[in-house]
$ cat final07.txt   # compact mmCIF, C-alpha atoms and all ligand atoms
# COMPACT_ATOMS: atom_id res chain seq x y z
CA MET A 1149 -44.96 41.39 -124.48
CA ALA A 1150 -47.94 41.52 -122.11
CA THR A 1151 -50.94 43.82 -122.10
CA LEU A 1152 -53.45 45.00 -119.50
CA THR A 1153 -56.35 47.41 -119.83
CA VAL A 1154 -57.28 50.24 -117.52
CA ASP A 1155 -61.02 49.92 -117.78
CA LEU A 1156 -62.57 53.38 -117.86
CA GLY A 1157 -65.32 53.00 -120.44
CA SER A 1158 -64.69 55.17 -123.48
CA ARG A 1159 -61.43 56.36 -121.92
CA SER A 1160 -60.03 52.85 -121.39
CA TYR A 1161 -56.43 52.37 -122.44
CA PRO A 1162 -53.79 49.66 -122.64
CA ILE A 1163 -50.64 49.21 -120.61
CA ILE A 1164 -48.13 47.39 -122.78
CA VAL A 1165 -45.13 45.86 -121.01
CA GLY A 1166 -42.19 44.04 -122.55
CA SER A 1167 -38.68 44.00 -123.83
CA GLY A 1168 -37.86 45.64 -127.20
CA LEU A 1169 -41.06 47.71 -127.47
CA LEU A 1170 -39.15 50.83 -128.49
CA ALA A 1171 -37.73 48.93 -131.45
CA GLU A 1172 -41.23 48.22 -132.74
CA PRO A 1173 -42.78 51.17 -134.66
CA SER A 1174 -46.32 49.78 -134.72
CA THR A 1175 -46.60 49.74 -130.90
CA VAL A 1176 -46.30 53.48 -130.38
CA SER A 1177 -47.68 54.62 -133.69
CA ALA A 1178 -51.01 52.86 -133.25
CA TYR A 1179 -51.94 55.14 -130.35
CA ILE A 1180 -51.08 58.43 -132.01
CA PRO A 1181 -53.65 59.39 -134.62
CA SER A 1182 -52.41 63.02 -134.65
CA ASP A 1183 -50.23 64.58 -137.31
CA ASP A 1184 -48.60 66.84 -134.72
CA VAL A 1185 -46.60 65.26 -131.92
CA LEU A 1186 -44.47 66.82 -129.21
CA VAL A 1187 -42.13 64.38 -127.47
CA VAL A 1188 -41.01 65.77 -124.12
CA THR A 1189 -38.09 64.26 -122.26
CA ASN A 1190 -35.17 65.38 -120.11
CA GLU A 1191 -31.45 65.84 -120.61
CA THR A 1192 -30.59 62.42 -119.09
CA VAL A 1193 -33.12 60.36 -121.05
CA ALA A 1194 -32.75 62.24 -124.37
CA PRO A 1195 -29.30 60.87 -125.31
CA LEU A 1196 -30.44 57.36 -124.40
CA TYR A 1197 -33.87 57.00 -126.02
CA LEU A 1198 -35.08 60.15 -127.80
CA ASP A 1199 -33.81 59.26 -131.30
CA ARG A 1200 -35.35 55.81 -130.99
CA VAL A 1201 -38.76 57.24 -130.08
CA MET A 1202 -38.62 59.96 -132.74
CA GLY A 1203 -37.81 57.22 -135.25
CA LEU A 1204 -41.00 55.37 -134.34
CA LEU A 1205 -43.31 58.21 -135.23
CA GLY A 1206 -43.09 58.10 -139.03
CA ASN A 1207 -44.56 60.71 -141.33
CA ARG A 1208 -45.81 63.19 -138.80
CA ARG A 1209 -44.69 66.63 -137.72
CA VAL A 1210 -42.72 65.51 -134.68
CA ILE A 1211 -40.97 68.04 -132.45
CA SER A 1212 -39.00 67.25 -129.31
CA GLN A 1213 -38.33 69.25 -126.19
CA THR A 1214 -35.62 68.37 -123.71
CA LEU A 1215 -36.10 69.72 -120.19
CA PRO A 1216 -33.65 69.87 -117.30
CA ASP A 1217 -33.56 66.74 -115.11
CA GLY A 1218 -34.82 66.73 -111.54
CA GLU A 1219 -37.80 66.87 -109.21
CA GLN A 1220 -37.09 70.59 -108.66
CA TYR A 1221 -38.06 71.15 -112.32
CA LYS A 1222 -41.52 69.67 -111.85
CA SER A 1223 -42.64 73.27 -111.59
CA PHE A 1224 -44.78 76.00 -113.12
CA GLU A 1225 -41.73 77.48 -114.82
CA THR A 1226 -40.96 74.24 -116.67
CA LEU A 1227 -44.62 73.72 -117.52
CA GLN A 1228 -44.67 77.18 -119.07
CA ARG A 1229 -41.76 76.16 -121.31
CA VAL A 1230 -43.84 73.24 -122.67
CA PHE A 1231 -46.78 75.59 -123.37
CA ASP A 1232 -44.36 78.02 -125.09
CA THR A 1233 -43.20 75.23 -127.41
CA LEU A 1234 -46.74 74.10 -128.20
CA LEU A 1235 -47.86 77.64 -129.01
CA GLN A 1236 -44.74 78.60 -130.93
CA SER A 1237 -45.19 75.44 -133.01
CA ARG A 1238 -48.89 76.31 -133.51
CA PHE A 1239 -50.02 72.94 -132.23
CA SER A 1240 -53.80 72.60 -132.19
CA ARG A 1241 -56.25 70.54 -130.19
CA ASP A 1242 -55.55 67.38 -132.13
CA ALA A 1243 -51.87 67.33 -131.12
CA THR A 1244 -50.48 64.48 -129.02
CA LEU A 1245 -47.86 64.87 -126.30
CA VAL A 1246 -45.50 62.00 -125.57
CA ALA A 1247 -43.94 61.80 -122.09
CA LEU A 1248 -40.60 60.00 -122.39
CA GLY A 1249 -38.94 59.59 -118.99
CA GLY A 1250 -39.61 58.94 -115.33
CA GLY A 1251 -42.42 60.12 -113.10
CA VAL A 1252 -41.31 63.75 -113.16
CA ILE A 1253 -41.63 63.99 -116.94
CA GLY A 1254 -44.81 61.87 -116.92
CA ASP A 1255 -46.58 64.00 -114.30
CA LEU A 1256 -45.52 67.31 -115.87
CA VAL A 1257 -46.27 66.37 -119.48
CA GLY A 1258 -49.58 64.81 -118.43
CA PHE A 1259 -50.53 68.07 -116.73
CA ALA A 1260 -49.46 70.07 -119.81
CA ALA A 1261 -51.70 67.78 -121.91
CA ALA A 1262 -54.59 68.24 -119.45
CA CYS A 1263 -54.35 72.05 -119.72
CA TYR A 1264 -53.29 72.81 -123.29
CA GLN A 1265 -56.35 74.08 -125.14
CA ARG A 1266 -58.41 72.45 -122.33
CA GLY A 1267 -57.00 69.01 -122.96
CA VAL A 1268 -55.11 67.11 -125.64
CA SER A 1269 -54.14 63.47 -125.91
CA PHE A 1270 -50.93 62.11 -124.42
CA VAL A 1271 -48.97 58.89 -124.35
CA GLN A 1272 -46.78 57.69 -121.50
CA ILE A 1273 -43.45 56.02 -122.30
CA PRO A 1274 -42.12 55.47 -118.76
CA THR A 1275 -38.40 54.73 -118.46
CA THR A 1276 -37.99 54.27 -114.70
CA LEU A 1277 -39.29 51.35 -112.66
CA LEU A 1278 -41.26 53.76 -110.49
CA ALA A 1279 -43.00 55.21 -113.52
CA GLN A 1280 -43.63 51.78 -115.07
CA VAL A 1281 -45.23 50.37 -111.90
CA ASP A 1282 -47.05 53.45 -110.73
CA SER A 1283 -46.89 57.01 -111.98
CA ALA A 1284 -47.52 56.42 -115.71
CA VAL A 1285 -50.78 54.61 -114.93
CA GLY A 1286 -53.93 56.20 -113.56
CA GLY A 1287 -53.97 59.74 -114.90
CA LYS A 1288 -52.74 61.70 -111.89
CA THR A 1289 -50.79 64.63 -113.30
CA ALA A 1290 -49.26 67.55 -111.44
CA VAL A 1291 -46.48 69.97 -110.72
CA ASN A 1292 -45.10 70.79 -107.28
CA HIS A 1293 -45.61 74.04 -105.39
CA PRO A 1294 -42.87 75.18 -102.99
CA ALA A 1295 -45.41 74.72 -100.18
CA GLY A 1296 -46.56 71.24 -101.18
CA LYS A 1297 -45.82 68.29 -103.41
CA ASN A 1298 -48.11 67.68 -106.43
CA MET A 1299 -50.43 70.41 -105.18
CA ILE A 1300 -51.35 71.77 -108.60
CA GLY A 1301 -52.62 69.18 -111.03
CA ALA A 1302 -55.45 67.38 -112.80
CA PHE A 1303 -56.76 63.91 -113.52
CA HIS A 1304 -56.05 63.26 -117.20
CA GLN A 1305 -55.72 59.71 -118.49
CA PRO A 1306 -53.13 58.81 -121.14
CA ALA A 1307 -54.11 57.17 -124.44
CA CYS A 1308 -51.71 54.33 -123.66
CA VAL A 1309 -48.72 53.37 -121.51
CA ILE A 1310 -45.76 51.69 -123.17
CA ALA A 1311 -43.26 50.25 -120.70
CA ASP A 1312 -40.16 48.87 -122.41
CA THR A 1313 -38.30 46.93 -119.73
CA ASP A 1314 -35.02 47.28 -121.68
CA THR A 1315 -34.91 50.96 -120.67
CA LEU A 1316 -34.42 49.88 -117.06
CA ARG A 1317 -30.93 48.56 -117.92
CA THR A 1318 -29.55 52.12 -117.92
CA LEU A 1319 -31.20 53.10 -114.65
CA GLU A 1320 -28.94 53.81 -111.67
CA SER A 1321 -29.32 51.34 -108.80
CA ARG A 1322 -30.59 54.08 -106.47
CA GLU A 1323 -33.42 54.81 -108.93
CA LEU A 1324 -34.21 51.11 -109.32
CA ALA A 1325 -34.50 50.83 -105.53
CA ALA A 1326 -36.83 53.84 -105.42
CA GLY A 1327 -39.12 52.05 -107.89
CA ILE A 1328 -39.01 48.87 -105.83
CA ALA A 1329 -40.39 50.87 -102.87
CA GLU A 1330 -43.62 51.42 -104.83
CA VAL A 1331 -43.66 47.72 -105.79
CA ILE A 1332 -43.42 46.73 -102.10
CA LYS A 1333 -46.35 49.09 -101.51
CA TYR A 1334 -48.68 46.89 -103.59
CA GLY A 1335 -47.79 43.87 -101.45
CA LEU A 1336 -48.41 45.78 -98.23
CA ILE A 1337 -51.73 47.32 -99.23
CA ARG A 1338 -53.34 44.53 -101.22
CA ASP A 1339 -51.40 41.35 -101.81
CA ARG A 1340 -49.77 39.29 -99.05
CA LEU A 1341 -48.55 36.65 -101.52
CA PHE A 1342 -46.87 39.30 -103.69
CA PHE A 1343 -45.12 40.66 -100.57
CA GLU A 1344 -43.87 37.15 -99.82
CA TRP A 1345 -42.75 36.70 -103.45
CA LEU A 1346 -40.72 39.90 -103.08
CA GLU A 1347 -39.15 38.65 -99.87
CA SER A 1348 -37.96 35.52 -101.70
CA ASN A 1349 -37.03 37.03 -105.07
CA MET A 1350 -35.53 40.44 -104.39
CA ASP A 1351 -32.11 39.40 -105.73
CA HIS A 1352 -33.61 38.73 -109.16
CA LEU A 1353 -35.14 42.18 -109.25
CA LEU A 1354 -31.96 43.89 -108.10
CA ASN A 1355 -30.07 42.05 -110.87
CA CYS A 1356 -32.63 43.36 -113.40
CA ASP A 1357 -33.68 39.86 -114.38
CA GLN A 1358 -36.09 40.57 -117.27
CA GLU A 1359 -38.60 37.89 -116.27
CA ALA A 1360 -38.74 39.15 -112.68
CA LEU A 1361 -39.07 42.75 -113.84
CA GLN A 1362 -41.89 41.96 -116.24
CA TYR A 1363 -43.67 39.99 -113.49
CA VAL A 1364 -43.53 42.80 -110.92
CA ILE A 1365 -44.48 45.48 -113.44
CA MET A 1366 -47.50 43.47 -114.59
CA GLU A 1367 -48.57 42.63 -111.02
CA SER A 1368 -48.16 46.24 -109.90
CA CYS A 1369 -50.03 47.60 -112.92
CA ARG A 1370 -52.77 44.99 -112.46
CA HIS A 1371 -53.36 46.24 -108.92
CA LYS A 1372 -53.21 49.86 -109.95
CA ALA A 1373 -55.48 49.37 -112.97
CA GLU A 1374 -58.12 47.65 -110.81
CA ILE A 1375 -58.05 50.39 -108.20
CA VAL A 1376 -58.18 53.19 -110.78
CA ALA A 1377 -61.04 51.50 -112.65
CA ASN A 1378 -63.01 51.35 -109.37
CA ASP A 1379 -62.21 54.85 -108.17
CA GLU A 1380 -60.61 57.04 -110.82
CA LYS A 1381 -60.80 60.34 -108.92
CA GLU A 1382 -59.94 59.05 -105.44
CA ALA A 1383 -63.33 59.31 -103.81
CA GLY A 1384 -62.39 56.29 -101.67
CA GLU A 1385 -60.40 53.14 -102.45
CA ARG A 1386 -57.69 54.85 -104.57
CA ALA A 1387 -56.36 56.59 -101.45
CA ILE A 1388 -54.75 53.32 -100.33
CA LEU A 1389 -52.20 53.78 -103.13
CA ASN A 1390 -50.84 56.54 -100.92
CA LEU A 1391 -49.57 54.25 -98.16
CA GLY A 1392 -46.61 56.09 -96.62
CA HIS A 1393 -47.04 59.07 -98.92
CA THR A 1394 -48.31 61.56 -96.31
CA PHE A 1395 -45.14 60.99 -94.26
CA GLY A 1396 -43.06 60.70 -97.46
CA HIS A 1397 -44.32 63.92 -99.06
CA ALA A 1398 -43.48 65.73 -95.79
CA ILE A 1399 -39.90 64.41 -96.10
CA GLU A 1400 -39.66 65.50 -99.74
CA THR A 1401 -41.07 68.97 -99.07
CA ALA A 1402 -39.00 69.53 -95.91
CA SER A 1403 -35.75 68.47 -97.54
CA GLY A 1404 -36.30 70.54 -100.70
CA TYR A 1405 -37.42 68.67 -103.82
CA GLY A 1406 -34.67 66.60 -105.36
CA SER A 1407 -32.34 65.52 -102.56
CA TRP A 1408 -34.54 62.62 -101.47
CA LEU A 1409 -36.00 60.47 -104.24
CA HIS A 1410 -39.77 60.06 -104.11
CA GLY A 1411 -39.47 56.27 -103.65
CA GLU A 1412 -36.95 56.73 -100.83
CA ALA A 1413 -39.28 59.08 -98.96
CA VAL A 1414 -42.16 56.66 -99.53
CA ALA A 1415 -40.04 53.80 -98.15
CA VAL A 1416 -39.57 55.61 -94.83
CA GLY A 1417 -43.20 56.72 -94.89
CA MET A 1418 -44.42 53.16 -95.38
CA LEU A 1419 -42.37 51.97 -92.43
CA MET A 1420 -43.84 54.80 -90.34
CA ALA A 1421 -47.39 53.84 -91.41
CA VAL A 1422 -46.74 50.16 -90.71
CA THR A 1423 -45.26 51.04 -87.30
CA MET A 1424 -48.28 53.19 -86.46
CA SER A 1425 -50.61 50.35 -87.51
CA GLU A 1426 -48.76 48.05 -85.11
CA LYS A 1427 -48.99 50.59 -82.27
CA LEU A 1428 -52.75 50.76 -82.85
CA GLY A 1429 -52.91 46.98 -82.47
CA TRP A 1430 -53.90 46.38 -86.10
CA LEU A 1431 -50.73 44.61 -87.25
CA ASP A 1432 -48.29 42.03 -85.86
CA ARG A 1433 -44.88 43.29 -84.80
CA GLN A 1434 -43.28 40.75 -87.15
CA ILE A 1435 -44.79 42.55 -90.19
CA VAL A 1436 -43.02 45.75 -89.11
CA ASP A 1437 -39.75 43.81 -88.84
CA ARG A 1438 -40.28 42.07 -92.19
CA THR A 1439 -41.07 45.41 -93.88
CA ARG A 1440 -37.91 46.98 -92.44
CA ARG A 1441 -35.84 43.97 -93.57
CA LEU A 1442 -37.30 44.06 -97.08
CA LEU A 1443 -36.61 47.80 -97.44
CA LEU A 1444 -33.06 47.38 -96.13
CA SER A 1445 -32.44 44.48 -98.55
CA VAL A 1446 -33.03 46.99 -101.36
CA ASN A 1447 -30.81 49.58 -99.70
CA LEU A 1448 -33.75 51.89 -99.11
CA PRO A 1449 -33.70 54.31 -96.16
CA VAL A 1450 -35.71 53.41 -93.05
CA ALA A 1451 -35.36 56.70 -91.16
CA PRO A 1452 -36.15 60.33 -92.08
CA PRO A 1453 -33.42 62.90 -92.80
CA GLN A 1454 -31.26 63.79 -89.80
CA GLY A 1455 -32.72 66.69 -87.87
CA MET A 1456 -36.28 66.36 -89.17
CA THR A 1457 -38.53 66.83 -86.13
CA ALA A 1458 -42.09 65.77 -85.33
CA ASP A 1459 -43.09 69.44 -85.77
CA ASP A 1460 -41.51 69.49 -89.24
CA PHE A 1461 -43.56 66.43 -90.13
CA LEU A 1462 -46.79 67.92 -88.79
CA LYS A 1463 -46.27 71.23 -90.59
CA HIS A 1464 -45.87 69.54 -93.97
CA MET A 1465 -48.38 66.74 -93.37
CA SER A 1466 -51.06 69.35 -92.70
CA VAL A 1467 -51.00 70.45 -96.37
CA ASP A 1468 -51.49 66.90 -97.68
CA LYS A 1469 -54.30 66.41 -100.19
CA LYS A 1470 -55.93 63.86 -97.88
CA VAL A 1471 -56.43 66.47 -95.13
CA VAL A 1472 -60.14 67.09 -94.58
CA GLY A 1473 -61.46 69.64 -92.06
CA GLY A 1474 -57.95 70.04 -90.64
CA LYS A 1475 -57.66 66.32 -89.85
CA ILE A 1476 -54.71 64.42 -91.32
CA ARG A 1477 -56.13 61.20 -92.79
CA LEU A 1478 -53.66 58.34 -93.05
CA VAL A 1479 -53.47 55.08 -94.94
CA LEU A 1480 -52.81 52.35 -92.37
CA LEU A 1481 -52.82 48.55 -92.42
CA HIS A 1482 -55.31 46.19 -90.81
CA GLY A 1483 -53.09 43.16 -91.40
CA LEU A 1484 -50.63 42.49 -94.23
CA GLY A 1485 -52.32 43.10 -97.60
CA CYS A 1486 -55.23 45.11 -96.21
CA ALA A 1487 -54.99 48.91 -96.23
CA LYS A 1488 -57.57 51.44 -95.11
CA LEU A 1489 -57.82 55.23 -95.16
CA VAL A 1490 -58.20 56.18 -91.50
CA GLU A 1491 -59.45 59.43 -90.05
CA ASP A 1492 -60.23 58.34 -86.56
CA TYR A 1493 -57.04 57.48 -84.70
CA PRO A 1494 -55.64 58.71 -81.39
CA GLU A 1495 -53.50 61.78 -82.12
CA GLU A 1496 -50.97 60.69 -79.47
CA VAL A 1497 -50.15 57.52 -81.43
CA LEU A 1498 -49.25 59.60 -84.48
CA LEU A 1499 -47.10 61.87 -82.28
CA GLN A 1500 -45.44 58.85 -80.72
CA VAL A 1501 -44.48 57.54 -84.19
CA LEU A 1502 -43.25 60.95 -85.37
CA ASN A 1503 -41.13 61.38 -82.24
CA GLU A 1504 -39.77 57.84 -82.42
CA PHE A 1505 -38.71 58.23 -86.06
CA SER A 1506 -37.37 61.77 -85.59
CA THR A 1507 -34.81 60.57 -83.11
CA ILE A 1508 -33.54 57.51 -85.01
P1 LIG B 1601 -37.57 60.84 -112.13
O1 LIG B 1601 -38.56 61.08 -113.17
O2 LIG B 1601 -36.87 62.01 -111.54
O3 LIG B 1601 -36.49 59.82 -112.70
C1 LIG B 1601 -35.44 59.41 -111.88
C2 LIG B 1601 -34.06 59.67 -112.54
O4 LIG B 1601 -33.83 58.65 -113.51
C3 LIG B 1601 -33.97 60.99 -113.28
O5 LIG B 1601 -32.68 61.51 -113.11
C4 LIG B 1601 -34.19 60.57 -114.73
O6 LIG B 1601 -33.63 61.47 -115.66
C5 LIG B 1601 -33.49 59.25 -114.76
N1 LIG B 1601 -33.93 58.32 -115.78
C6 LIG B 1601 -35.18 58.11 -116.23
N2 LIG B 1601 -35.21 57.03 -117.03
C7 LIG B 1601 -33.95 56.58 -117.12
C8 LIG B 1601 -33.34 55.50 -117.79
N3 LIG B 1601 -34.08 54.62 -118.47
N4 LIG B 1601 -32.02 55.33 -117.67
C9 LIG B 1601 -31.28 56.18 -116.91
N5 LIG B 1601 -31.79 57.20 -116.22
C10 LIG B 1601 -33.11 57.39 -116.33
O7 LIG B 1601 -38.21 60.05 -110.89
P2 LIG B 1601 -39.21 58.82 -110.80
O8 LIG B 1601 -38.77 58.08 -109.61
O9 LIG B 1601 -39.37 58.12 -112.08
O10 LIG B 1601 -40.61 59.53 -110.50
C11 LIG B 1601 -40.82 60.30 -109.34
C12 LIG B 1601 -41.95 61.25 -109.59
O11 LIG B 1601 -43.14 60.52 -109.86
C13 LIG B 1601 -42.26 62.16 -108.41
O12 LIG B 1601 -42.43 63.47 -108.86
C14 LIG B 1601 -43.57 61.61 -107.88
O13 LIG B 1601 -44.35 62.59 -107.25
C15 LIG B 1601 -44.22 61.11 -109.13
N6 LIG B 1601 -45.22 60.07 -108.90
C16 LIG B 1601 -46.42 60.21 -109.50
C17 LIG B 1601 -47.41 59.25 -109.36
C18 LIG B 1601 -48.70 59.39 -110.10
O14 LIG B 1601 -49.61 58.59 -109.85
N7 LIG B 1601 -48.82 60.32 -111.01
C19 LIG B 1601 -47.15 58.10 -108.61
C20 LIG B 1601 -45.90 57.96 -108.01
C21 LIG B 1601 -44.94 58.96 -108.17
N1 LIG B 1602 -49.74 57.04 -106.79
C1 LIG B 1602 -51.03 57.24 -106.21
C2 LIG B 1602 -52.15 57.20 -107.18
O1 LIG B 1602 -51.96 57.09 -108.37
O2 LIG B 1602 -53.27 57.29 -106.79

$ encode --input "final07.txt" --output "structure tokens" --more "lines below"
Ligand code: NAD
Ligand code: GLY
Amino acid sequence: MATLTVDLGSRSYPIIVGSGLLAEPSTVSAYIPSDDVLVVTNETVAPLYLDRVMGLLGNRRVISQTLPDGEQYKSFETLQRVFDTLLQSRFSRDATLVALGGGVIGDLVGFAAACYQRGVSFVQIPTTLLAQVDSAVGGKTAVNHPAGKNMIGAFHQPACVIADTDTLRTLESRELAAGIAEVIKYGLIRDRLFFEWLESNMDHLLNCDQEALQYVIMESCRHKAEIVANDEKEAGERAILNLGHTFGHAIETASGYGSWLHGEAVAVGMLMAVTMSEKLGWLDRQIVDRTRRLLLSVNLPVAPPQGMTADDFLKHMSVDKKVVGGKIRLVLLHGLGCAKLVEDYPEEVLLQVLNEFSTI
């Protein structure tokens, strides 16, 4: 077991990573002082892990809620169902919510915790690689709006994050790959040596080697924890965590939530951002090729959905949260391992990239 801290003063919290954590009652219990606990999960994760988590919570009033599975349920309607349960069960301000599942459950339950009675405590038990390396950490919570991904949300930090690597054994390979996309992101934006480690060790990750998994989760969380501690509410540096996301969110929104996995859309988006960085003269061509190769080695897509045009991209990119004064700001690379949020770029280079990728 390994532990890191997200250093946010009085709201600091641990990220605990390891095998067998969900078999260890003291790990979860220690972070839940409340008598009333609502564990929220979905219909895929419930049969796998819900009993185990309920069993860890001892002599409390513990209720569970199982939601439908899918990005399309990261919505107001589903959120309302969580509020209904909390109110029907007469949960008060000292209740704790537990998010058991991937990023969809984590984001939605975190947002429910941020809103219920103006904010209650919550614990993240992420069960996908994507959630363990990214979404469970940092306190971004949200639901989708039909017009834009994650458009309605709040910053609300969890009381702790418990990532049991054993849960990844039941994950489908497509989901594992989607999580690896976010892992590759940390190499691209901040850590050249980590990128190179991934190039040499991808087979171990794809085979779910526990040591390799624990290493990449800890490295990813270390990067994320540092960035969040420096810039919790994304006034600056935190934006680099969105490499590829402006393009990727456009893909997710245009294709209807659920058909493309978030990590898949981010994979294409990262390649588009890397390609644009190269066209601007900020990155060697070989980094573009190495990024494409690494994504392909994980079986991640490297082109947008068939038929998605440059206009489709622009329409959806213009409602991105990084848009300021009508200008689409983009995270781009100035060399491998060095990302920057850029506002001032020639529009025609963006159009060139969108057109190039739309016709692949
Ligand atoms: P997800 O939550 O939909 O989970 C993927 C699939 O795996 C689902 O079908 C789920 O039921 C299933 N699953 C979960 N755990 C499993 C397990 N252990 N075994 C078998 N199946 C399991 O998707 P995700 O990729 O985890 O998360 C994507 C979401 O995260 C998106 O909504 C994205 O916007 C959000 N996100 C948020 C942040 C943030 O900072 N808050 C960061 C990145 C992504
Ligand atoms: N996943 C982007 C962030 O947490 O800021």

$ closest_residue --input "final07.txt" --among "A:Val1479, A:Leu1346, A:Leu1442, A:Val1450" --to "ligand LIG 1602 (chain B)" --atoms "all atoms listed in the file"
A:Val1479

$ residues_around --input "final07.txt" --residues "A:Arg1477" --least-positions-apart "2" --cutoff "6 Å" --atoms "all atoms listed in the file" --output "list in words"
Lys1470, Val1471, Val1490 and Glu1491 of chain A

$ residues_around --input "final07.txt" --residues "A:Phe1461" --least-positions-apart "4" --cutoff "10 Å" --atoms "only C-alpha atoms" --output "ChimeraX atom specification"
/A:1394-1399,1401-1402,1452,1456-1457,1465-1466,1499,1502-1503,1506

$ write_last_selection --input "final07.txt" --atoms "C-alpha atoms" --output "compact mmCIF listing (two decimals), in the frame of the given file"
# COMPACT_ATOMS: atom_id res chain seq x y z
CA THR A 1394 -48.31 61.56 -96.31
CA PHE A 1395 -45.14 60.99 -94.26
CA GLY A 1396 -43.06 60.70 -97.46
CA HIS A 1397 -44.32 63.92 -99.06
CA ALA A 1398 -43.48 65.73 -95.79
CA ILE A 1399 -39.90 64.41 -96.10
CA THR A 1401 -41.07 68.97 -99.07
CA ALA A 1402 -39.00 69.53 -95.91
CA PRO A 1452 -36.15 60.33 -92.08
CA MET A 1456 -36.28 66.36 -89.17
CA THR A 1457 -38.53 66.83 -86.13
CA MET A 1465 -48.38 66.74 -93.37
CA SER A 1466 -51.06 69.35 -92.70
CA LEU A 1499 -47.10 61.87 -82.28
CA LEU A 1502 -43.25 60.95 -85.37
CA ASN A 1503 -41.13 61.38 -82.24
CA SER A 1506 -37.37 61.77 -85.59

$ atom_distance --input "final07.txt" --atom1 "atom CA of A:Gly1301" --atom2 "atom CA of A:Phe1259"
6.2 Å

$ residues_around --input "final07.txt" --residues "A:Trp1408" --least-positions-apart "3" --cutoff "10 Å" --atoms "only C-alpha atoms" --output "list of chain:residue names"
A:Glu1219, A:Ala1326, A:Gly1396, A:Ile1399, A:Glu1400, A:Thr1401, A:Ala1402, A:Ser1403, A:Gly1404, A:Tyr1405, A:Gly1411, A:Glu1412, A:Ala1413, A:Val1414, A:Pro1449, A:Pro1452, A:Pro1453

$ write_last_selection --input "final07.txt" --atoms "C-alpha atoms" --output "mmCIF file, in the coordinates of the input"
data_model
loop_
_atom_site.group_PDB
_atom_site.id
_atom_site.type_symbol
_atom_site.label_atom_id
_atom_site.label_comp_id
_atom_site.auth_asym_id
_atom_site.auth_seq_id
_atom_site.Cartn_x
_atom_site.Cartn_y
_atom_site.Cartn_z
ATOM 1 C CA GLU A 1219 -37.800 66.870 -109.210
ATOM 2 C CA ALA A 1326 -36.830 53.840 -105.420
ATOM 3 C CA GLY A 1396 -43.060 60.700 -97.460
ATOM 4 C CA ILE A 1399 -39.900 64.410 -96.100
ATOM 5 C CA GLU A 1400 -39.660 65.500 -99.740
ATOM 6 C CA THR A 1401 -41.070 68.970 -99.070
ATOM 7 C CA ALA A 1402 -39.000 69.530 -95.910
ATOM 8 C CA SER A 1403 -35.750 68.470 -97.540
ATOM 9 C CA GLY A 1404 -36.300 70.540 -100.700
ATOM 10 C CA TYR A 1405 -37.420 68.670 -103.820
ATOM 11 C CA GLY A 1411 -39.470 56.270 -103.650
ATOM 12 C CA GLU A 1412 -36.950 56.730 -100.830
ATOM 13 C CA ALA A 1413 -39.280 59.080 -98.960
ATOM 14 C CA VAL A 1414 -42.160 56.660 -99.530
ATOM 15 C CA PRO A 1449 -33.700 54.310 -96.160
ATOM 16 C CA PRO A 1452 -36.150 60.330 -92.080
ATOM 17 C CA PRO A 1453 -33.420 62.900 -92.800
#

$ residues_around --input "final07.txt" --residues "stretch 1285-1298 of chain A" --least-positions-apart "5" --cutoff "9 Å" --atoms "only C-alpha atoms" --output "PyMOL selection string"
chain A and resi 1154+1163+1219-1224+1227+1252+1254-1260+1262+1272+1279-1280+1303-1306+1308-1309+1369+1372-1373+1375-1377+1380-1381+1397-1398+1400-1401+1404-1405+1464+1467-1469

$ residues_near_ligand --input "final07.txt" --ligand "ligand LIG 1601 (chain B)" --cutoff "6 Å" --atoms "all atoms listed in the file" --output "list in words"
Thr1192, Val1193, Asp1217, Gly1218, Glu1219, Gly1249, Gly1250, Gly1251, Val1252, Ile1253, Asp1255, Thr1275, Thr1276, Leu1278, Ala1279, Asp1282, Ser1283, Lys1288, Thr1289, Thr1315, Leu1316, Thr1318, Leu1319, Glu1323 and His1410 of chain A

$ atom_distance --input "final07.txt" --atom1 "atom CA of A:Pro1173" --atom2 "atom CA of A:Gln1362"
20.6 Å
